[in-house]
Structures are given as structure tokens and as C-alpha cells.
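S.K.: Have a peek at my_file.cif (mmCIF, C-alpha atoms).
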data_query
#
loop_
_atom_site.label_atom_id
_atom_site.label_comp_id
_atom_site.auth_asym_id
_atom_site.auth_seq_id
_atom_site.Cartn_x
_atom_site.Cartn_y
_atom_site.Cartn_z
CA MET A 1 148.76 88.36 142.28
CA ASP A 2 151.22 85.60 141.38
CA TRP A 3 150.14 82.32 139.78
CA ILE A 4 149.98 80.44 143.10
CA THR A 5 147.66 83.07 144.57
CA VAL A 6 145.44 83.07 141.49
CA THR A 7 145.32 79.24 141.41
CA LEU A 8 144.26 78.86 145.04
CA LEU A 9 141.86 81.77 144.72
CA VAL A 10 140.17 80.12 141.74
CA VAL A 11 140.18 76.58 143.17
CA GLY A 12 138.78 77.82 146.47
CA ALA A 13 136.06 79.80 144.70
CA LEU A 14 135.09 76.91 142.42
CA THR A 15 135.01 74.35 145.25
CA ALA A 16 133.18 76.60 147.68
CA GLY A 17 130.70 77.60 144.98
CA PHE A 18 129.95 73.96 144.25
CA ILE A 19 129.35 73.18 147.94
CA ASN A 20 127.21 76.29 148.30
CA GLY A 21 125.09 75.32 145.31
CA PHE A 22 124.76 71.73 146.49
CA ALA A 23 124.16 72.21 150.21
CA GLY A 24 122.91 75.81 150.42
CA PHE A 25 125.76 76.84 152.72
CA GLY A 26 129.48 76.21 153.22
CA THR A 27 131.31 78.94 151.31
CA ALA A 28 133.08 80.21 154.42
CA LEU A 29 133.89 76.71 155.65
CA VAL A 30 135.45 75.63 152.34
CA ALA A 31 136.94 78.78 150.83
CA SER A 32 138.78 79.77 154.01
CA GLY A 33 140.86 76.60 153.76
CA PHE A 34 142.29 77.85 150.47
CA TRP A 35 142.21 81.62 150.78
CA PHE A 36 143.85 82.02 154.18
CA LEU A 37 146.91 80.32 152.69
CA VAL A 38 147.62 83.02 150.09
CA LEU A 39 145.45 86.10 150.70
CA PRO A 40 145.86 88.84 153.31
CA ALA A 41 143.93 87.77 156.40
CA HIS A 42 141.84 90.95 156.53
CA VAL A 43 140.55 90.33 152.99
CA VAL A 44 139.28 86.78 153.50
CA PRO A 45 136.12 87.34 155.63
CA PRO A 46 134.61 90.06 153.39
CA LEU A 47 135.59 88.14 150.23
CA ILE A 48 133.84 85.06 151.61
CA ILE A 49 130.68 87.08 152.21
CA LEU A 50 130.64 88.37 148.62
CA ALA A 51 131.35 84.93 147.13
CA ALA A 52 128.72 83.28 149.35
CA LEU A 53 126.15 85.85 148.31
CA ALA A 54 126.83 85.13 144.63
CA GLY A 55 126.33 81.41 145.24
CA GLN A 56 123.10 82.00 147.13
CA VAL A 57 121.65 83.98 144.22
CA VAL A 58 122.35 81.01 141.92
CA GLY A 59 120.73 78.62 144.40
CA LEU A 60 117.66 80.83 144.67
CA ARG A 61 117.25 80.89 140.90
CA LYS A 62 117.80 77.15 140.44
CA LEU A 63 115.72 76.02 143.41
CA SER A 64 113.11 78.77 143.59
CA GLY A 65 110.25 76.26 143.66
CA LYS A 66 111.69 74.61 146.79
CA MET A 67 112.21 77.77 148.85
CA ASP A 68 109.78 78.85 151.58
CA PHE A 69 110.39 82.47 152.55
CA ARG A 70 107.30 82.51 154.77
CA MET A 71 108.72 79.79 157.02
CA SER A 72 112.09 81.58 157.13
CA THR A 73 110.73 84.78 158.63
CA TYR A 74 111.45 83.78 162.24
CA LEU A 75 115.09 83.03 161.47
CA ILE A 76 115.43 86.15 159.32
CA SER A 77 113.86 88.48 161.90
CA GLY A 78 116.47 87.37 164.45
CA GLY A 79 119.31 87.44 161.94
CA VAL A 80 118.62 91.06 160.98
CA LEU A 81 119.56 92.14 164.49
CA GLY A 82 122.69 90.01 164.57
CA VAL A 83 124.38 91.13 161.34
CA PRO A 84 125.39 94.65 162.48
CA LEU A 85 126.86 93.23 165.68
CA GLY A 86 128.86 90.67 163.70
CA ALA A 87 130.22 93.36 161.38
CA LEU A 88 131.32 95.45 164.36
CA LEU A 89 133.00 92.44 165.96
CA LEU A 90 135.33 92.25 162.92
CA ASN A 91 137.18 95.17 164.48
CA VAL A 92 137.21 93.73 168.01
CA LEU A 93 137.54 89.94 168.15
CA ASP A 94 140.25 87.62 166.84
CA PRO A 95 138.59 85.63 164.01
CA SER A 96 140.87 82.65 164.59
CA VAL A 97 139.62 82.11 168.17
CA VAL A 98 135.97 82.25 167.14
CA LYS A 99 136.43 80.02 164.12
CA THR A 100 138.44 77.40 166.05
CA THR A 101 135.63 77.14 168.59
CA ILE A 102 133.11 76.71 165.77
CA GLY A 103 135.34 74.10 164.14
CA TRP A 104 135.39 71.85 167.21
CA PHE A 105 131.65 72.27 167.63
CA LEU A 106 131.00 71.18 164.03
CA ILE A 107 133.17 68.09 164.40
CA ALA A 108 131.48 67.01 167.63
CA TYR A 109 127.96 67.60 166.33
CA ALA A 110 128.47 65.76 163.03
CA LEU A 111 130.14 62.78 164.71
CA PHE A 112 127.24 62.48 167.15
CA GLN A 113 124.78 62.52 164.26
CA PHE A 114 126.75 59.91 162.32
CA LYS A 115 126.60 57.63 165.38
CA GLY A 116 122.82 57.87 165.24
CA LEU A 117 122.43 59.30 168.72
CA PRO A 118 118.85 60.33 169.53
CA SER A 119 117.90 63.93 168.96
CA ALA A 120 117.76 66.20 171.99
CA MET A 121 114.21 67.07 171.00
CA SER A 122 111.37 64.59 171.29
CA ALA A 123 109.23 66.67 168.91
CA ALA A 124 109.76 69.66 166.67
CA PRO A 125 109.00 72.84 168.63
CA GLN A 126 106.80 75.42 167.03
CA ASP A 127 108.42 78.27 165.14
CA GLY A 128 108.90 81.30 167.34
CA PHE A 129 111.26 82.77 169.92
CA ALA A 130 113.85 79.97 169.76
CA ASP A 131 114.07 80.32 165.98
CA ARG A 132 114.67 84.05 166.33
CA CYS A 133 117.48 83.41 168.84
CA ILE A 134 119.14 80.94 166.46
CA GLY A 135 118.69 83.43 163.64
CA PHE A 136 120.27 86.17 165.75
CA VAL A 137 123.41 84.13 166.44
CA GLY A 138 123.51 83.08 162.79
CA GLY A 139 123.32 86.76 161.82
CA VAL A 140 126.24 87.59 164.13
CA LEU A 141 128.33 84.81 162.59
CA GLY A 142 127.28 85.93 159.11
CA GLY A 143 128.30 89.53 159.64
CA PHE A 144 131.52 88.42 161.32
CA ALA A 145 132.78 85.67 159.03
CA GLY A 146 130.12 84.62 156.51
CA LEU A 147 129.13 81.64 158.70
CA SER A 148 125.43 82.45 158.84
CA GLY A 149 124.10 79.08 157.68
CA VAL A 150 125.70 76.56 160.03
CA LEU A 151 123.76 77.13 163.25
CA PRO A 152 120.31 77.38 161.58
CA LEU A 153 121.08 74.18 159.66
CA ILE A 154 121.91 72.30 162.86
CA TRP A 155 118.83 73.73 164.58
CA LEU A 156 116.54 72.57 161.77
CA GLN A 157 118.12 69.12 161.84
CA LEU A 158 117.47 68.89 165.57
CA LYS A 159 113.85 69.82 164.87
CA ARG A 160 113.74 66.65 162.75
CA LEU A 161 112.67 68.39 159.58
CA SER A 162 113.29 66.66 156.28
CA PRO A 163 116.33 67.80 154.24
CA ALA A 164 113.98 69.47 151.75
CA ASP A 165 112.21 71.41 154.52
CA GLN A 166 115.55 72.31 156.10
CA ARG A 167 116.86 73.82 152.90
CA ALA A 168 113.57 75.54 152.16
CA ARG A 169 114.09 77.52 155.37
CA TYR A 170 117.81 78.04 155.82
CA GLN A 171 118.67 79.01 152.24
CA PRO A 172 116.34 82.05 152.16
CA PHE A 173 117.74 82.98 155.58
CA ASN A 174 121.29 82.64 154.27
CA LEU A 175 120.56 84.75 151.21
CA PHE A 176 118.95 87.55 153.21
CA ILE A 177 121.63 87.60 155.92
CA LEU A 178 124.46 87.61 153.39
CA MET A 179 122.83 90.53 151.58
CA LEU A 180 122.75 92.47 154.85
CA SER A 181 126.33 91.40 155.60
CA ALA A 182 127.48 92.74 152.23
CA ILE A 183 125.76 96.08 152.96
CA ALA A 184 127.35 96.12 156.41
CA LEU A 185 130.79 95.65 154.83
CA VAL A 186 130.26 98.83 152.85
CA VAL A 187 129.06 100.74 155.92
CA VAL A 188 132.07 99.76 158.07
CA GLY A 189 134.50 100.49 155.24
CA LYS A 190 135.66 96.96 154.43
CA VAL A 191 135.00 97.23 150.68
CA ASP A 192 137.98 98.72 148.86
CA THR A 193 139.91 98.28 145.62
CA GLU A 194 142.02 95.45 147.06
CA LEU A 195 138.94 93.42 147.98
CA MET A 196 137.24 94.05 144.66
CA ALA A 197 140.34 92.94 142.74
CA TYR A 198 140.19 89.53 144.44
CA ALA A 199 136.41 89.41 144.11
CA GLY A 200 136.67 90.04 140.38
CA VAL A 201 138.63 86.80 140.05
CA ALA A 202 136.75 84.68 142.60
CA ILE A 203 133.08 85.47 142.01
CA PRO A 204 132.78 84.18 138.40
CA PHE A 205 134.16 80.82 139.52
CA SER A 206 131.90 80.81 142.58
CA LEU A 207 128.94 81.25 140.24
CA LEU A 208 130.10 78.43 137.98
CA GLY A 209 130.58 76.04 140.91
CA ALA A 210 127.19 76.97 142.37
CA VAL A 211 125.39 76.14 139.12
CA VAL A 212 126.96 72.66 139.03
CA GLY A 213 126.25 72.07 142.74
CA ALA A 214 122.60 73.13 142.51
CA ASN A 215 122.03 70.77 139.57
CA MET A 216 123.53 67.90 141.58
CA PHE A 217 121.28 68.66 144.56
CA LEU A 218 118.23 68.19 142.37
CA SER A 219 119.34 64.66 141.44
CA ILE A 220 120.37 63.24 144.85
CA SER A 221 118.29 61.33 147.41
CA GLU A 222 117.40 62.85 150.79
CA LYS A 223 119.41 60.24 152.72
CA ALA A 224 122.49 60.79 150.59
CA PHE A 225 122.11 64.55 150.96
CA GLN A 226 121.86 64.29 154.75
CA ARG A 227 125.01 62.16 155.03
CA THR A 228 126.88 64.39 152.61
CA VAL A 229 126.05 67.47 154.67
CA LEU A 230 127.27 65.79 157.87
CA LEU A 231 130.49 64.77 156.14
CA LEU A 232 130.90 68.35 154.93
CA LEU A 233 130.51 69.62 158.49
CA ILE A 234 133.22 67.22 159.73
CA VAL A 235 135.67 68.14 156.98
CA SER A 236 134.96 71.83 157.42
CA GLY A 237 135.46 71.62 161.16
CA CYS A 238 138.78 69.80 160.68
CA VAL A 239 139.98 72.42 158.18
CA ILE A 240 139.12 75.24 160.58
CA VAL A 241 140.86 73.57 163.54
CA VAL A 242 143.99 72.79 161.52
CA GLN A 243 144.21 76.41 160.43
#
For the structure just supplied, provide its representation as C-alpha cells.

M.R.:
Amino acid sequence: MDWITVTLLVVGALTAGFINGFAGFGTALVASGFWFLVLPAHVVPPLIILAALAGQVVGLRKLSGKMDFRMSTYLISGGVLGVPLGALLLNVLDPSVVKTTIGWFLIAYALFQFKGLPSAMSAAPQDGFADRCIGFVGGVLGGFAGLSGVLPLIWLQLKRLSPADQRARYQPFNLFILMLSAIALVVVGKVDTELMAYAGVAIPFSLLGAVVGANMFLSISEKAFQRTVLLLLIVSGCVIVVQ
């Protein structure tokens, strides 16, 4: 690894870790903007999963009193079925096509929310089948590219839950799905010495960024958090589309 590779690897890990700690998701959306520039393309998705998992562990420890695993069970039960499919799709689909589609979707959704357009739902539906479907798709995206948190986040926003309730549900889901995704990487043979060499550099900085981000989350207002998350979705979508 030359100094340019190490610099972008570290900056990407630190930035993505901070966003992960602050918002409870976003490692894939942020880190890919740095890592695809200097790392082999086949290394980036599994490295993102490992770095995101490290950040989620920090968030769980820092925000344990705000998590609600019981209310995450519907999302998790669907996500469990989606992770193996996502891991298998790594060998079939072109990641760039999938991620570009997701990028445009994120931009459109966040812009609509910033404009204050009314929610598509007049009332929050009860937890159940729809949550499992969202969890399933989130699991597929998690196993495929570490993008497990985006769709559940949007779903919970559309259900008009408060930011605190949103995070209480999607962060436990994210943690569980990323754990399964990491196991799936081992099963399909994506974990090797090359990946672990990059992970050895990136993960410590992901942990450091996550600690700082989680502390900031605890000191910010709900309105500011909501707007920051929407801005993050726009920027992330733009980064993905530009790539």
C-alpha cells in the first residue's frame, strides 16, 4: 500500500465511522466514495461490511439505553432471509448498476422530504408483514454491499416515528444484519489475507470515528438530527451516482 492508498483508506474509515456513530448507518455510502478510488473493486464491499460492523458495535455500547431490540424483531426476521441472497448476488450482479439505482433513489427521496411533501402514509401501520418485507430487502442490500440500513430508515421515517424511535429500531437491525453479512463473507470465501490487510488499517479508525459520532448524536436535537440525516442521504446519493 502506497501513501495515497493508506491516506484515503484512513480518511474514508474515519469519516464513515463518524457518520455511522452519529446516524447509525452510512458506512457503505461514505466509505465507498474514498475506497473505490484506490482499492481493488472486489475488496471494497466486504471491507465496508467489516468496518460498518465495527461502528455498529460502538453505537450499541454508547447508546444501549436507547436501543429497542424487541421492536426490531420484525425487521430482523425479514433481514435474516435476505442476507444469504445478497451474499450470493456478489458473484452474479454488477455492483455499480445496483448502487447507481440506489443513489438516484436516495437523492429523490431526500429532496422530497426537504420540500416538506406529505408522507404517503396517513398513519403509522402496525408492525408486521410490511416490516419483514422491508427487512428482507435491507438484508439483501446488506449482504450485497453493506447497505442494510438505508431502506429500513426510510420506511421508519414514512411511518412518522420520531428520530429516537427510528434509531431504536434500525440500529439493532443494522447490527444483526451486518453480523450475518460478515459470517456470509466467510462462507462464500470473500475473507482472505488481502482483505484483512486493509481491514487492519481501516477498522481502528472506523472505531475512533464511531465513538466521536455517537457522542455527538447524544448532544443534538431531534430536528437537527432529522435534517442532517436527509442531507447525508443526498450527499451519499450524489457520491454513488458520480462514481

S.K.: Once the PyMOL selection byres ((chain A and resi 183-200) around 9) has been applied to the shown file, what residues remain in the selection, as a PDB file with C-alpha atoms, in the coordinates of the input?

M.R.:
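part.pdb, freshly written:
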ATOM      1  CA  MET A   1     148.760  88.360 142.280  1.00  0.00           C
ATOM      2  CA  VAL A   6     145.440  83.070 141.490  1.00  0.00           C
ATOM      3  CA  LEU A   9     141.860  81.770 144.720  1.00  0.00           C
ATOM      4  CA  LEU A  39     145.450  86.100 150.700  1.00  0.00           C
ATOM      5  CA  HIS A  42     141.840  90.950 156.530  1.00  0.00           C
ATOM      6  CA  VAL A  43     140.550  90.330 152.990  1.00  0.00           C
ATOM      7  CA  VAL A  44     139.280  86.780 153.500  1.00  0.00           C
ATOM      8  CA  PRO A  46     134.610  90.060 153.390  1.00  0.00           C
ATOM      9  CA  LEU A  47     135.590  88.140 150.230  1.00  0.00           C
ATOM     10  CA  ILE A  49     130.680  87.080 152.210  1.00  0.00           C
ATOM     11  CA  LEU A  50     130.640  88.370 148.620  1.00  0.00           C
ATOM     12  CA  ALA A  51     131.350  84.930 147.130  1.00  0.00           C
ATOM     13  CA  VAL A  83     124.380  91.130 161.340  1.00  0.00           C
ATOM     14  CA  PRO A  84     125.390  94.650 162.480  1.00  0.00           C
ATOM     15  CA  ALA A  87     130.220  93.360 161.380  1.00  0.00           C
ATOM     16  CA  LEU A  88     131.320  95.450 164.360  1.00  0.00           C
ATOM     17  CA  GLY A 143     128.300  89.530 159.640  1.00  0.00           C
ATOM     18  CA  LEU A 178     124.460  87.610 153.390  1.00  0.00           C
ATOM     19  CA  MET A 179     122.830  90.530 151.580  1.00  0.00           C
ATOM     20  CA  LEU A 180     122.750  92.470 154.850  1.00  0.00           C
ATOM     21  CA  SER A 181     126.330  91.400 155.600  1.00  0.00           C
ATOM     22  CA  ALA A 182     127.480  92.740 152.230  1.00  0.00           C
ATOM     23  CA  VAL A 201     138.630  86.800 140.050  1.00  0.00           C
ATOM     24  CA  ALA A 202     136.750  84.680 142.600  1.00  0.00           C
ATOM     25  CA  ILE A 203     133.080  85.470 142.010  1.00  0.00           C
ATOM     26  CA  PRO A 204     132.780  84.180 138.400  1.00  0.00           C
TER      27      PRO A 204
END

S.K.: Counting all atoms listed in the file, which residues of segment 203-230 of chain A sit at most 8 Å from some atom of segment 18-24 of chain A, and what is each one's closest atom pair with its distance in Å to one decimal, listed by chain and rising residue number, as a tab-separated table?

M.R.:
residue	atom	partner	partner_atom	distance
A:Ser206	CA	A:Phe18	CA	7.3
A:Leu208	CA	A:Phe18	CA	7.7
A:Gly209	CA	A:Phe18	CA	4.0
A:Ala210	CA	A:Gly21	CA	4.0
A:Val211	CA	A:Gly21	CA	6.3
A:Val212	CA	A:Phe18	CA	6.2
A:Gly213	CA	A:Phe22	CA	4.0
A:Ala214	CA	A:Gly21	CA	4.3
A:Asn215	CA	A:Phe22	CA	7.5
A:Met216	CA	A:Phe22	CA	6.3
A:Phe217	CA	A:Phe22	CA	5.0
A:Phe225	CA	A:Ala23	CA	8.0
A:Val229	CA	A:Ala23	CA	6.8

S.K.: With the file shown as input, list the residues that the PyMOL selection byres ((chain A and resi 74-77) around 7) selects, as an MDAnalysis selection string.

M.R.: chainID A and resid 72:73 78:80 127:128 131:132 134:135 173

S.K.: Just the selected residues (C-alpha atoms), exported as an mmCIF file, in the frame of the given file, please.

M.R.:
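What ended up in out_19.cif:
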data_model
loop_
_atom_site.group_PDB
_atom_site.id
_atom_site.type_symbol
_atom_site.label_atom_id
_atom_site.label_comp_id
_atom_site.auth_asym_id
_atom_site.auth_seq_id
_atom_site.Cartn_x
_atom_site.Cartn_y
_atom_site.Cartn_z
ATOM 1 C CA SER A 72 112.090 81.580 157.130
ATOM 2 C CA THR A 73 110.730 84.780 158.630
ATOM 3 C CA GLY A 78 116.470 87.370 164.450
ATOM 4 C CA GLY A 79 119.310 87.440 161.940
ATOM 5 C CA VAL A 80 118.620 91.060 160.980
ATOM 6 C CA ASP A 127 108.420 78.270 165.140
ATOM 7 C CA GLY A 128 108.900 81.300 167.340
ATOM 8 C CA ASP A 131 114.070 80.320 165.980
ATOM 9 C CA ARG A 132 114.670 84.050 166.330
ATOM 10 C CA ILE A 134 119.140 80.940 166.460
ATOM 11 C CA GLY A 135 118.690 83.430 163.640
ATOM 12 C CA PHE A 173 117.740 82.980 155.580
#

S.K.: Go ahead and compute the interatomic distance for atom CA of Gln166 of chain A and atom CA of Gln226 of chain A, in Å to one decimal.

M.R.: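 Distance between the two atoms: 10.3 Å.
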
S.K.: Got a sec to resolve the PyMOL selection byres ((chain A and resi 28) around 12) on this structure and send the residues as a ChimeraX atom specification?

M.R.: /A:12-13,15-17,19-20,24-27,29-36,44-53,55,99,102-103,141-150,178,206,233,236-237,239-240

S.K.: Using all atoms listed in the file, can you tell me which of A:Leu85, A:Leu37, A:Ala54, A:Ile4 comes closest to Asn174 of chain A?

M.R.: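 Once distances to Asn174 of chain A are computed over all atoms listed in the file, the minimum belongs to A:Ala54.
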